file model_31.pdb (PDB, C-alpha atoms (C1' of nucleotides))
ATOM      1  CA  MET P  28      34.198  54.723 103.461
ATOM      2  CA  CYS P  29      35.007  52.559 106.358
ATOM      3  CA  GLY P  30      37.332  49.734 105.432
ATOM      4  CA  ARG P  31      39.129  49.096 108.702
ATOM      5  CA  PHE P  32      38.332  49.887 112.335
ATOM      6  CA  THR P  33      39.385  49.367 115.942
ATOM      7  CA  ARG P  34      37.835  48.067 119.121
ATOM      8  CA  THR P  35      40.109  48.487 122.071
ATOM      9  CA  LYS P  36      37.802  48.912 125.033
ATOM     10  CA  THR P  37      37.770  46.354 127.819
ATOM     11  CA  VAL P  38      34.849  43.979 128.365
ATOM     12  CA  LYS P  39      33.837  46.056 131.358
ATOM     13  CA  GLU P  40      33.704  49.292 129.392
ATOM     14  CA  VAL P  41      31.829  47.658 126.530
ATOM     15  CA  ALA P  42      29.329  46.027 128.895
ATOM     16  CA  ARG P  43      28.627  49.356 130.555
ATOM     17  CA  LEU P  44      28.411  51.394 127.360
ATOM     18  CA  PHE P  45      26.029  48.951 125.684
ATOM     19  CA  GLU P  46      24.170  48.009 128.857
ATOM     20  CA  LEU P  47      24.797  44.313 128.415
ATOM     21  CA  ALA P  48      23.082  42.052 130.939
ATOM     22  CA  GLU P  49      25.460  39.199 130.166
ATOM     23  CA  PRO P  50      28.817  40.489 128.933
ATOM     24  CA  PRO P  51      31.045  38.040 127.054
ATOM     25  CA  PRO P  52      33.699  36.330 129.198
ATOM     26  CA  GLU P  53      36.421  38.143 127.331
ATOM     27  CA  LEU P  54      37.015  40.507 124.446
ATOM     28  CA  ALA P  55      40.609  40.855 123.367
ATOM     29  CA  PRO P  56      41.367  44.358 122.103
ATOM     30  CA  ARG P  57      41.452  44.705 118.320
ATOM     31  CA  TYR P  58      43.615  47.362 116.693
ATOM     32  CA  ASN P  59      43.067  46.381 113.099
ATOM     33  CA  ILE P  60      39.742  44.793 112.173
ATOM     34  CA  ALA P  61      39.632  43.972 108.456
ATOM     35  CA  PRO P  62      36.792  42.914 106.147
ATOM     36  CA  THR P  63      35.783  39.217 106.433
ATOM     37  CA  GLN P  64      37.097  39.051 109.985
ATOM     38  CA  GLN P  65      34.919  38.504 113.032
ATOM     39  CA  ALA P  66      33.886  41.619 114.931
ATOM     40  CA  ALA P  67      31.633  42.361 117.883
ATOM     41  CA  VAL P  68      28.113  43.655 117.335
ATOM     42  CA  VAL P  69      25.314  44.336 119.789
ATOM     43  CA  GLY P  70      21.697  43.559 118.994
ATOM     44  CA  LEU P  71      18.472  42.564 120.641
ATOM     45  CA  LYS P  72      17.933  38.996 121.684
ATOM     46  CA  PRO P  73      14.822  37.195 120.436
ATOM     47  CA  ASP P  74      12.863  38.595 123.390
ATOM     48  CA  GLY P  75      13.133  41.976 121.660
ATOM     49  CA  VAL P  76      14.301  43.666 124.833
ATOM     50  CA  THR P  77      17.579  42.261 126.121
ATOM     51  CA  ARG P  78      20.810  43.288 124.431
ATOM     52  CA  GLY P  79      23.376  40.691 123.489
ATOM     53  CA  LEU P  80      26.877  40.846 122.022
ATOM     54  CA  ILE P  81      28.050  38.407 119.391
ATOM     55  CA  GLN P  82      31.105  38.247 117.172
ATOM     56  CA  ILE P  83      30.228  37.803 113.520
ATOM     57  CA  ARG P  84      31.703  38.296 110.043
ATOM     58  CA  TRP P  85      32.244  41.831 108.728
ATOM     59  CA  GLY P  86      30.986  41.660 105.146
ATOM     60  CA  LEU P  87      27.307  40.881 104.715
ATOM     61  CA  VAL P  88      26.493  37.461 103.286
ATOM     62  CA  ARG P  89      22.911  36.777 102.221
ATOM     63  CA  GLU P  90      23.642  34.654  99.190
ATOM     64  CA  GLU P  91      26.376  32.474  97.800
ATOM     65  CA  ARG P  92      27.670  35.180  95.499
ATOM     66  CA  HIS P  93      28.313  37.521  98.428
ATOM     67  CA  LEU P  94      31.200  35.251  99.295
ATOM     68  CA  LYS P  95      32.851  36.102  95.987
ATOM     69  CA  GLY P  96      34.175  39.440  94.900
ATOM     70  CA  ALA P  97      34.410  42.488  97.134
ATOM     71  CA  PRO P  98      32.815  41.882 100.516
ATOM     72  CA  LEU P  99      29.729  43.964 101.320
ATOM     73  CA  VAL P 100      31.308  45.877 104.162
ATOM     74  CA  ASN P 101      29.159  48.990 103.733
ATOM     75  CA  ALA P 102      25.635  49.977 102.755
ATOM     76  CA  ARG P 103      24.603  53.453 101.659
ATOM     77  CA  ALA P 104      22.231  54.851 104.271
ATOM     78  CA  GLU P 105      20.493  57.072 101.712
ATOM     79  CA  THR P 106      19.342  54.126  99.615
ATOM     80  CA  ALA P 107      19.409  51.125 101.954
ATOM     81  CA  ASP P 108      15.634  51.247 102.420
ATOM     82  CA  THR P 109      15.026  50.654  98.728
ATOM     83  CA  ARG P 110      17.842  48.242  97.903
ATOM     84  CA  PRO P 111      16.635  44.638  97.927
ATOM     85  CA  THR P 112      19.808  43.492  99.634
ATOM     86  CA  PHE P 113      19.337  45.808 102.596
ATOM     87  CA  SER P 114      15.753  47.011 102.891
ATOM     88  CA  ASP P 115      14.324  44.231 105.026
ATOM     89  CA  LEU P 116      17.380  44.296 107.272
ATOM     90  CA  LEU P 117      16.921  48.014 107.869
ATOM     91  CA  GLU P 118      13.457  47.197 109.150
ATOM     92  CA  SER P 119      14.233  44.229 111.298
ATOM     93  CA  ARG P 120      17.948  43.570 111.731
ATOM     94  CA  ARG P 121      19.679  46.675 112.926
ATOM     95  CA  CYS P 122      22.712  46.338 115.145
ATOM     96  CA  LEU P 123      25.378  48.390 116.849
ATOM     97  CA  VAL P 124      28.930  47.757 115.734
ATOM     98  CA  VAL P 125      31.287  47.942 118.699
ATOM     99  CA  ALA P 126      34.122  50.273 117.699
ATOM    100  CA  ASP P 127      36.168  53.144 119.016
ATOM    101  CA  GLY P 128      37.942  54.338 115.907
ATOM    102  CA  PHE P 129      38.359  53.764 112.187
ATOM    103  CA  VAL P 130      40.853  54.292 109.411
ATOM    104  CA  GLU P 131      40.706  56.272 106.196
ATOM    105  CA  TRP P 132      43.173  56.164 103.316
ATOM    106  CA  ARG P 133      43.412  59.433 101.437
ATOM    107  CA  LYS P 134      43.856  58.491  97.814
ATOM    108  CA  ASP P 135      44.497  61.840  96.286
ATOM    109  CA  HIS P 136      47.139  63.383  98.475
ATOM    110  CA  PRO P 137      49.353  66.245  97.382
ATOM    111  CA  GLY P 138      53.099  66.091  97.961
ATOM    112  CA  LYS P 139      54.473  63.893 100.703
ATOM    113  CA  ASP P 140      51.608  64.468 103.105
ATOM    114  CA  PRO P 141      50.658  61.448 105.157
ATOM    115  CA  HIS P 142      47.802  59.689 103.513
ATOM    116  CA  LEU P 143      46.638  57.353 106.222
ATOM    117  CA  PHE P 144      44.563  58.532 109.148
ATOM    118  CA  GLY P 145      43.071  57.133 112.314
ATOM    119  CA  LEU P 146      39.785  58.740 113.277
ATOM    120  CA  LYS P 147      38.333  58.901 116.736
ATOM    121  CA  SER P 148      35.550  60.623 118.596
ATOM    122  CA  ASN P 149      35.951  62.365 121.905
ATOM    123  CA  GLU P 150      32.872  60.512 123.121
ATOM    124  CA  PRO P 151      31.929  56.833 123.085
ATOM    125  CA  PHE P 152      30.006  55.710 120.017
ATOM    126  CA  ALA P 153      28.996  52.777 117.833
ATOM    127  CA  PHE P 154      28.559  52.341 114.101
ATOM    128  CA  ALA P 155      25.075  51.757 112.755
ATOM    129  CA  GLY P 156      25.048  48.269 111.277
ATOM    130  CA  LEU P 157      22.799  45.705 109.628
ATOM    131  CA  TRP P 158      23.155  41.977 110.202
ATOM    132  CA  ASP P 159      21.771  38.694 108.931
ATOM    133  CA  VAL P 160      22.025  34.928 109.181
ATOM    134  CA  TRP P 161      22.581  32.957 106.005
ATOM    135  CA  HIS P 162      22.084  29.227 105.722
ATOM    136  CA  PRO P 163      24.266  27.757 102.985
ATOM    137  CA  PRO P 164      22.058  25.719 100.630
ATOM    138  CA  ALA P 165      24.575  22.880 100.804
ATOM    139  CA  GLY P 166      24.082  22.746 104.542
ATOM    140  CA  GLY P 167      26.732  23.368 107.143
ATOM    141  CA  LYS P 168      27.089  26.151 109.645
ATOM    142  CA  PRO P 169      24.927  29.230 109.182
ATOM    143  CA  ILE P 170      26.951  32.400 108.569
ATOM    144  CA  LEU P 171      26.195  35.438 110.688
ATOM    145  CA  SER P 172      27.439  38.662 109.161
ATOM    146  CA  PHE P 173      27.036  42.439 109.182
ATOM    147  CA  CYS P 174      27.750  45.615 107.257
ATOM    148  CA  ILE P 175      28.235  49.245 108.299
ATOM    149  CA  LEU P 176      25.995  52.015 107.023
ATOM    150  CA  THR P 177      27.678  55.000 105.394
ATOM    151  CA  THR P 178      26.614  58.601 104.873
ATOM    152  CA  ASP P 179      27.990  61.888 103.585
ATOM    153  CA  PRO P 180      31.302  62.981 105.086
ATOM    154  CA  ASN P 181      31.442  65.783 107.652
ATOM    155  CA  GLU P 182      33.849  68.693 107.229
ATOM    156  CA  LEU P 183      36.745  66.711 108.663
ATOM    157  CA  LEU P 184      36.161  63.506 106.705
ATOM    158  CA  LYS P 185      35.513  65.488 103.551
ATOM    159  CA  GLN P 186      39.249  66.121 103.368
ATOM    160  CA  LEU P 187      39.888  62.398 103.254
ATOM    161  CA  HIS P 188      36.929  60.807 101.511
ATOM    162  CA  ASP P 189      33.470  61.260 100.089
ATOM    163  CA  ARG P 190      31.813  58.825 102.507
ATOM    164  CA  MET P 191      31.964  58.115 106.232
ATOM    165  CA  PRO P 192      30.424  55.512 108.530
ATOM    166  CA  VAL P 193      27.197  56.340 110.355
ATOM    167  CA  ILE P 194      28.216  57.032 113.947
ATOM    168  CA  LEU P 195      25.642  56.785 116.739
ATOM    169  CA  ARG P 196      25.865  58.336 120.195
ATOM    170  CA  PRO P 197      24.941  56.228 123.230
ATOM    171  CA  ASP P 198      21.741  58.280 123.555
ATOM    172  CA  ASP P 199      20.649  56.921 120.180
ATOM    173  CA  PHE P 200      21.540  53.258 120.765
ATOM    174  CA  GLY P 201      18.096  52.381 122.101
ATOM    175  CA  ARG P 202      16.274  54.120 119.289
ATOM    176  CA  TRP P 203      18.385  52.376 116.669
ATOM    177  CA  LEU P 204      17.747  48.933 118.138
ATOM    178  CA  ASP P 205      14.073  49.489 118.979
ATOM    179  CA  PRO P 206      12.083  46.915 116.962
ATOM    180  CA  ASP P 207       9.075  49.225 117.061
ATOM    181  CA  ALA P 208      10.900  52.269 115.709
ATOM    182  CA  GLY P 209       9.299  53.685 112.571
ATOM    183  CA  THR P 210      11.086  54.233 109.292
ATOM    184  CA  ALA P 211      11.215  57.980 109.821
ATOM    185  CA  GLU P 212      12.691  57.623 113.276
ATOM    186  CA  VAL P 213      15.309  55.176 112.078
ATOM    187  CA  ARG P 214      16.222  57.352 109.118
ATOM    188  CA  SER P 215      16.584  60.399 111.339
ATOM    189  CA  LEU P 216      19.595  58.755 112.992
ATOM    190  CA  LEU P 217      21.510  58.228 109.776
ATOM    191  CA  HIS P 218      23.425  61.474 109.475
ATOM    192  CA  PRO P 219      27.062  62.595 109.546
ATOM    193  CA  TYR P 220      28.559  62.806 113.004
ATOM    194  CA  PRO P 221      29.762  66.355 113.768
ATOM    195  CA  ALA P 222      33.341  67.073 112.748
ATOM    196  CA  ASP P 223      34.095  69.106 115.858
ATOM    197  CA  GLU P 224      33.638  66.011 117.999
ATOM    198  CA  MET P 225      36.204  64.014 116.051
ATOM    199  CA  THR P 226      39.959  63.993 115.667
ATOM    200  CA  ALA P 227      42.203  62.655 112.920
ATOM    201  CA  VAL P 228      45.728  61.390 113.505
ATOM    202  CA  ALA P 229      48.193  60.471 110.775
ATOM    203  CA  LEU P 230      49.268  56.835 111.096
ATOM    204  CA  THR P 231      52.113  54.744 109.745
ATOM    205  CA  THR P 232      51.428  52.071 107.146
ATOM    206  CA  ARG P 233      51.663  49.339 109.778
ATOM    207  CA  ILE P 234      47.902  49.028 109.847
ATOM    208  CA  ASN P 235      47.835  48.359 106.104
ATOM    209  CA  SER P 236      48.492  44.682 106.616
ATOM    210  CA  PRO P 237      45.619  42.769 108.204
ATOM    211  CA  ARG P 238      48.289  40.523 109.727
ATOM    212  CA  ASN P 239      49.296  43.335 112.048
ATOM    213  CA  ASP P 240      46.930  43.658 114.968
ATOM    214  CA  ASP P 241      48.731  45.295 117.851
ATOM    215  CA  VAL P 242      48.833  48.648 119.586
ATOM    216  CA  ALA P 243      51.663  49.783 117.301
ATOM    217  CA  CYS P 244      49.090  49.999 114.496
ATOM    218  CA  LEU P 245      47.672  53.081 116.212
ATOM    219  CA  GLU P 246      51.018  54.736 116.921
ATOM    220  CA  PRO P 247      50.876  58.257 115.429
ATOM    221  CA  LEU P 248      53.167  58.958 112.515
ATOM    222  CA  HIS P 249      56.115  61.047 113.674
ATOM    223  CA  VAL P 250      56.465  63.910 111.252
TER
ATOM    224  C1'  DC C   8       4.072  36.438  81.776
ATOM    225  C1'  DC C   9       9.027  34.506  83.465
ATOM    226  C1'  DA C  10      14.083  35.351  84.147
ATOM    227  C1'  DG C  11      17.468  37.394  86.441
ATOM    228  C1'  DA C  12      19.462  40.551  89.354
ATOM    229  C1'  DC C  13      19.699  42.386  93.745
ATOM    230  C1'  DG C  14      26.329  46.001  96.631
ATOM    231  C1'  DT C  15      29.978  49.601  97.915
ATOM    232  C1'  DT C  16      34.186  51.641  97.169
ATOM    233  C1'  DG C  17      36.970  54.045  94.035
ATOM    234  C1'  DT C  18      39.039  54.274  89.585
ATOM    235  C1'  DT C  19      38.969  55.076  84.805
TER
ATOM    236  C1'  DG M   1      10.667  39.950  98.704
ATOM    237  C1'  DT M   2      10.822  43.111  94.903
ATOM    238  C1'  DC M   3      12.333  45.442  91.017
ATOM    239  C1'  DT M   4      14.040  45.491  86.137
ATOM    240  C1'  DG M   5      14.449  43.623  81.544
ATOM    241  C1'  DG M   6      12.698  41.121  77.816
TER
ATOM    242  C1'  DC F  12      40.257  48.564 103.099
ATOM    243  C1'  DC F  13      45.261  46.438 101.801
ATOM    244  C1'  DA F  14      48.355  42.314 101.059
ATOM    245  C1'  DG F  15      49.652  38.649  98.546
ATOM    246  C1'  DA F  16      49.294  35.185  95.253
ATOM    247  C1'  DC F  17      48.713  34.133  90.749
ATOM    248  C1'  DG F  18      50.684  30.266  85.577
ATOM    249  C1'  DT F  19      52.746  27.732  81.877
ATOM    250  C1'  DT F  20      56.501  26.352  79.424
ATOM    251  C1'  DG F  21      60.694  24.830  79.357
ATOM    252  C1'  DT F  22      65.060  24.842  81.674
ATOM    253  C1'  DT F  23      67.958  23.509  85.545
TER
ATOM    254  C1'  DG D  21      45.206  42.674  85.770
ATOM    255  C1'  DT D  22      42.470  40.003  88.872
ATOM    256  C1'  DC D  23      41.265  37.066  92.393
ATOM    257  C1'  DT D  24      41.649  35.433  97.228
ATOM    258  C1'  DG D  25      42.483  36.043 102.117
ATOM    259  C1'  DG D  26      42.466  38.633 106.255
TER
END

call {"tool": "encode", "arguments": {"input": "model_31.pdb", "output": "structure tokens"}}
result
Amino acid sequence: MCGRFTRTKTVKEVARLFELAEPPPELAPRYNIAPTQQAAVVGLKPDGVTRGLIQIRWGLVREERHLKGAPLVNARAETADTRPTFSDLLESRRCLVVADGFVEWRKDHPGKDPHLFGLKSNEPFAFAGLWDVWHPPAGGKPILSFCILTTDPNELLKQLHDRMPVILRPDDFGRWLDPDAGTAEVRSLLHPYPADEMTAVALTTRINSPRNDDVACLEPLHV
DNA sequence: CCAGACGTTGTT
DNA sequence: GTCTGG
DNA sequence: CCAGACGTTGTT
DNA sequence: GTCTGG
């Protein structure tokens, strides 16, 4: 799955990659984004054309109970269009999750092999995400939140896990956000990213703690 | 008909 | 909103 | 995803 | 073991 990710690009790079008309004033690099924390996503503004970047909660909240128990950080791409929690969002609230890497923990590792890996692509990308606004019934601030779609692992990820996040190339950003895109077109984007365009690096356990959020989290493990 | 649930991981 | 269970 | 806290009774 | 916080 995808339970931790990074976003280290500068505002300038992000603005260019996502074609933002009005980039945020600043975007401090994040080396260790954990569930329930705020993270940057790009979506269409109400005009349905202009792209905007906002920082919202990772872990979808559509009801009170979503605040309890395991946060909804992922949604299965294969079934999202029939699950009540996700189906309407897949139609109308798709977003791009700004990221440049993610982490996988290999549970079942033989011997003393490293079991913690940082994954990157050679090319820029974004995760396919779904977002929503939830208004607490008791009143108070609305909560904006998102989750990341997952799909089958490619040959590389297969060694680490049985799921991987849906990774979109810049060429597909527009299609994913297009409010007029049909179900078939949207679904056609939800496939494993090719393994030969990705690299895995063994990491130390520094990134395990959500309290650590510095460049040392991405320091390769010296074998 | 109404009531109640509606998720993903991974682990066992 | 929609599906499942009773 | 992982980290970290968690409780009462009775003793100090 | 289980729940909360990040």

call {"tool": "interface_residues", "arguments": {"input": "model_31.pdb", "of": "chain M", "to": "chain P", "cutoff": "9 Å", "atoms": "all atoms listed in the file", "output": "number ranges by chain"}}
result
M: 1-3

call {"tool": "resolve_selection", "arguments": {"input": "model_31.pdb", "expression": "the PyMOL selection byres ((chain F) within 12 of (chain P))", "output": "PyMOL selection string"}}
result
chain F and resi 12-15

call {"tool": "axis_aligned_box", "arguments": {"input": "model_31.pdb", "around": "range 21-25 of chain D", "padding_each_side": "6 Å", "output": "JSON"}}
result
{"center_x": 43.2, "center_y": 39.1, "center_z": 93.9, "size_x": 15.9, "size_y": 19.2, "size_z": 28.3}

call {"tool": "atom_distance", "arguments": {"input": "model_31.pdb", "atom1": "CA of Arg233 in chain P", "atom2": "CA of Arg133 in chain P"}}
result
15.5 Å

call {"tool": "resolve_selection", "arguments": {"input": "model_31.pdb", "expression": "the PyMOL selection byres ((chain P and resi 105) around 10)", "output": "CSV table (one decimal) with C-alpha atoms, keeping the file's coordinate frame"}}
result
chain,number,residue,atom,x,y,z
P,102,ALA,CA,25.6,50.0,102.8
P,103,ARG,CA,24.6,53.5,101.7
P,104,ALA,CA,22.2,54.9,104.3
P,106,THR,CA,19.3,54.1,99.6
P,107,ALA,CA,19.4,51.1,102.0
P,108,ASP,CA,15.6,51.2,102.4
P,109,THR,CA,15.0,50.7,98.7
P,110,ARG,CA,17.8,48.2,97.9
P,176,LEU,CA,26.0,52.0,107.0
P,177,THR,CA,27.7,55.0,105.4
P,178,THR,CA,26.6,58.6,104.9
P,179,ASP,CA,28.0,61.9,103.6
P,214,ARG,CA,16.2,57.4,109.1
P,217,LEU,CA,21.5,58.2,109.8
P,218,HIS,CA,23.4,61.5,109.5

call {"tool": "atom_distance", "arguments": {"input": "model_31.pdb", "atom1": "CA of Lys185 in chain P", "atom2": "CA of Ala227 in chain P"}}
result
11.9 Å

call {"tool": "atom_distance", "arguments": {"input": "model_31.pdb", "atom1": "CA of Arg89 in chain P", "atom2": "CA of Ile170 in chain P"}}
result
8.7 Å

call {"tool": "closest_residue", "arguments": {"input": "model_31.pdb", "among": "P:Thr63, P:Thr77, P:Asn149, P:Ser119", "to": "DT24 in chain D", "atoms": "all atoms listed in the file"}}
result
P:Thr63

call {"tool": "residues_around", "arguments": {"input": "model_31.pdb", "residues": "Ser215 in chain P", "least_positions_apart": "5", "cutoff": "12 Å", "atoms": "all atoms listed in the file", "output": "list of chain:residue names"}}
result
P:Ala104, P:Glu105, P:Val193, P:Leu195, P:Asp199, P:Arg202, P:Trp203, P:Ala208, P:Gly209, P:Thr210

call {"tool": "residues_around", "arguments": {"input": "model_31.pdb", "residues": "Glu90 in chain P", "least_positions_apart": "5", "cutoff": "12 Å", "atoms": "only C-alpha atoms (C1' of nucleotides)", "output": "PyMOL selection string"}}
result
(chain P and resi 95+98-99+112+159-165+169-172) or (chain C and resi 13-14)

call {"tool": "resolve_selection", "arguments": {"input": "model_31.pdb", "expression": "the PyMOL selection byres ((chain P and resi 244) around 9)", "output": "list of chain:residue names"}}
result
P:Tyr58, P:Asn59, P:Leu230, P:Thr231, P:Thr232, P:Arg233, P:Ile234, P:Asn235, P:Asn239, P:Asp240, P:Asp241, P:Val242, P:Ala243, P:Leu245, P:Glu246, P:Pro247

call {"tool": "write_last_selection", "arguments": {"input": "model_31.pdb", "atoms": "C-alpha atoms", "output": "short mmCIF file (atom, residue, chain, number, x, y, z; two decimals), in the frame of the given file"}}
result
data_model
loop_
_atom_site.label_atom_id
_atom_site.label_comp_id
_atom_site.auth_asym_id
_atom_site.auth_seq_id
_atom_site.Cartn_x
_atom_site.Cartn_y
_atom_site.Cartn_z
CA TYR P 58 43.62 47.36 116.69
CA ASN P 59 43.07 46.38 113.10
CA LEU P 230 49.27 56.84 111.10
CA THR P 231 52.11 54.74 109.74
CA THR P 232 51.43 52.07 107.15
CA ARG P 233 51.66 49.34 109.78
CA ILE P 234 47.90 49.03 109.85
CA ASN P 235 47.84 48.36 106.10
CA ASN P 239 49.30 43.34 112.05
CA ASP P 240 46.93 43.66 114.97
CA ASP P 241 48.73 45.30 117.85
CA VAL P 242 48.83 48.65 119.59
CA ALA P 243 51.66 49.78 117.30
CA LEU P 245 47.67 53.08 116.21
CA GLU P 246 51.02 54.74 116.92
CA PRO P 247 50.88 58.26 115.43
#

call {"tool": "closest_residue", "arguments": {"input": "model_31.pdb", "among": "P:Pro73, P:Ile194, P:Ile81, P:Thr33", "to": "Pro52 in chain P", "atoms": "all atoms listed in the file"}}
result
P:Ile81

call {"tool": "build_atoms", "arguments": {"input": "model_31.pdb", "residues": "range 175-201 of chain P", "atoms": "N, CA and C atoms", "output": "PDB file, in the frame of the given file"}}
result
ATOM      1  N   ILE P 175      28.290  47.940 107.635  1.00  0.00           N
ATOM      2  CA  ILE P 175      28.235  49.245 108.299  1.00  0.00           C
ATOM      3  C   ILE P 175      27.606  50.261 107.357  1.00  0.00           C
ATOM      4  N   LEU P 176      26.635  50.997 107.845  1.00  0.00           N
ATOM      5  CA  LEU P 176      25.995  52.015 107.023  1.00  0.00           C
ATOM      6  C   LEU P 176      26.927  53.204 106.835  1.00  0.00           C
ATOM      7  N   THR P 177      26.856  53.817 105.656  1.00  0.00           N
ATOM      8  CA  THR P 177      27.678  55.000 105.394  1.00  0.00           C
ATOM      9  C   THR P 177      26.784  56.184 105.022  1.00  0.00           C
ATOM     10  N   THR P 178      27.344  57.373 105.186  1.00  0.00           N
ATOM     11  CA  THR P 178      26.614  58.601 104.873  1.00  0.00           C
ATOM     12  C   THR P 178      27.594  59.625 104.315  1.00  0.00           C
ATOM     13  N   ASP P 179      27.102  60.835 104.078  1.00  0.00           N
ATOM     14  CA  ASP P 179      27.990  61.888 103.585  1.00  0.00           C
ATOM     15  C   ASP P 179      29.068  62.203 104.618  1.00  0.00           C
ATOM     16  N   PRO P 180      30.224  62.638 104.151  1.00  0.00           N
ATOM     17  CA  PRO P 180      31.302  62.981 105.086  1.00  0.00           C
ATOM     18  C   PRO P 180      31.031  64.313 105.777  1.00  0.00           C
ATOM     19  N   ASN P 181      31.490  64.464 107.012  1.00  0.00           N
ATOM     20  CA  ASN P 181      31.442  65.783 107.652  1.00  0.00           C
ATOM     21  C   ASN P 181      32.644  66.603 107.172  1.00  0.00           C
ATOM     22  N   GLU P 182      32.800  67.794 107.727  1.00  0.00           N
ATOM     23  CA  GLU P 182      33.849  68.693 107.229  1.00  0.00           C
ATOM     24  C   GLU P 182      35.253  68.114 107.390  1.00  0.00           C
ATOM     25  N   LEU P 183      35.431  67.326 108.440  1.00  0.00           N
ATOM     26  CA  LEU P 183      36.745  66.711 108.663  1.00  0.00           C
ATOM     27  C   LEU P 183      36.998  65.566 107.676  1.00  0.00           C
ATOM     28  N   LEU P 184      36.015  64.677 107.575  1.00  0.00           N
ATOM     29  CA  LEU P 184      36.161  63.506 106.705  1.00  0.00           C
ATOM     30  C   LEU P 184      36.199  63.886 105.235  1.00  0.00           C
ATOM     31  N   LYS P 185      35.573  65.030 104.940  1.00  0.00           N
ATOM     32  CA  LYS P 185      35.513  65.488 103.551  1.00  0.00           C
ATOM     33  C   LYS P 185      36.910  65.636 102.959  1.00  0.00           C
ATOM     34  N   GLN P 186      37.876  65.944 103.838  1.00  0.00           N
ATOM     35  CA  GLN P 186      39.249  66.121 103.368  1.00  0.00           C
ATOM     36  C   GLN P 186      39.886  64.786 102.985  1.00  0.00           C
ATOM     37  N   LEU P 187      39.288  63.711 103.478  1.00  0.00           N
ATOM     38  CA  LEU P 187      39.888  62.398 103.254  1.00  0.00           C
ATOM     39  C   LEU P 187      39.106  61.544 102.269  1.00  0.00           C
ATOM     40  N   HIS P 188      37.771  61.703 102.295  1.00  0.00           N
ATOM     41  CA  HIS P 188      36.929  60.807 101.511  1.00  0.00           C
ATOM     42  C   HIS P 188      35.573  61.412 101.226  1.00  0.00           C
ATOM     43  N   ASP P 189      34.800  60.736 100.392  1.00  0.00           N
ATOM     44  CA  ASP P 189      33.470  61.260 100.089  1.00  0.00           C
ATOM     45  C   ASP P 189      32.374  60.475 100.815  1.00  0.00           C
ATOM     46  N   ARG P 190      32.782  59.545 101.681  1.00  0.00           N
ATOM     47  CA  ARG P 190      31.813  58.825 102.507  1.00  0.00           C
ATOM     48  C   ARG P 190      32.378  58.681 103.910  1.00  0.00           C
ATOM     49  N   MET P 191      31.501  58.460 104.882  1.00  0.00           N
ATOM     50  CA  MET P 191      31.964  58.115 106.232  1.00  0.00           C
ATOM     51  C   MET P 191      30.934  57.199 106.886  1.00  0.00           C
ATOM     52  N   PRO P 192      31.373  56.410 107.875  1.00  0.00           N
ATOM     53  CA  PRO P 192      30.424  55.512 108.530  1.00  0.00           C
ATOM     54  C   PRO P 192      29.391  56.292 109.333  1.00  0.00           C
ATOM     55  N   VAL P 193      28.209  55.729 109.484  1.00  0.00           N
ATOM     56  CA  VAL P 193      27.197  56.340 110.355  1.00  0.00           C
ATOM     57  C   VAL P 193      27.582  56.051 111.800  1.00  0.00           C
ATOM     58  N   ILE P 194      27.791  57.134 112.551  1.00  0.00           N
ATOM     59  CA  ILE P 194      28.216  57.032 113.947  1.00  0.00           C
ATOM     60  C   ILE P 194      27.052  57.412 114.853  1.00  0.00           C
ATOM     61  N   LEU P 195      26.751  56.538 115.812  1.00  0.00           N
ATOM     62  CA  LEU P 195      25.642  56.785 116.739  1.00  0.00           C
ATOM     63  C   LEU P 195      26.161  57.077 118.131  1.00  0.00           C
ATOM     64  N   ARG P 196      25.543  58.054 118.795  1.00  0.00           N
ATOM     65  CA  ARG P 196      25.865  58.336 120.195  1.00  0.00           C
ATOM     66  C   ARG P 196      25.110  57.346 121.079  1.00  0.00           C
ATOM     67  N   PRO P 197      25.620  57.141 122.294  1.00  0.00           N
ATOM     68  CA  PRO P 197      24.941  56.228 123.230  1.00  0.00           C
ATOM     69  C   PRO P 197      23.462  56.583 123.424  1.00  0.00           C
ATOM     70  N   ASP P 198      23.135  57.861 123.394  1.00  0.00           N
ATOM     71  CA  ASP P 198      21.741  58.280 123.555  1.00  0.00           C
ATOM     72  C   ASP P 198      20.838  57.730 122.450  1.00  0.00           C
ATOM     73  N   ASP P 199      21.443  57.403 121.317  1.00  0.00           N
ATOM     74  CA  ASP P 199      20.649  56.921 120.180  1.00  0.00           C
ATOM     75  C   ASP P 199      20.642  55.401 120.049  1.00  0.00           C
ATOM     76  N   PHE P 200      21.437  54.722 120.874  1.00  0.00           N
ATOM     77  CA  PHE P 200      21.540  53.258 120.765  1.00  0.00           C
ATOM     78  C   PHE P 200      20.158  52.592 120.852  1.00  0.00           C
ATOM     79  N   GLY P 201      19.405  52.997 121.865  1.00  0.00           N
ATOM     80  CA  GLY P 201      18.096  52.381 122.101  1.00  0.00           C
ATOM     81  C   GLY P 201      17.151  52.590 120.939  1.00  0.00           C
TER      82      GLY P 201
END
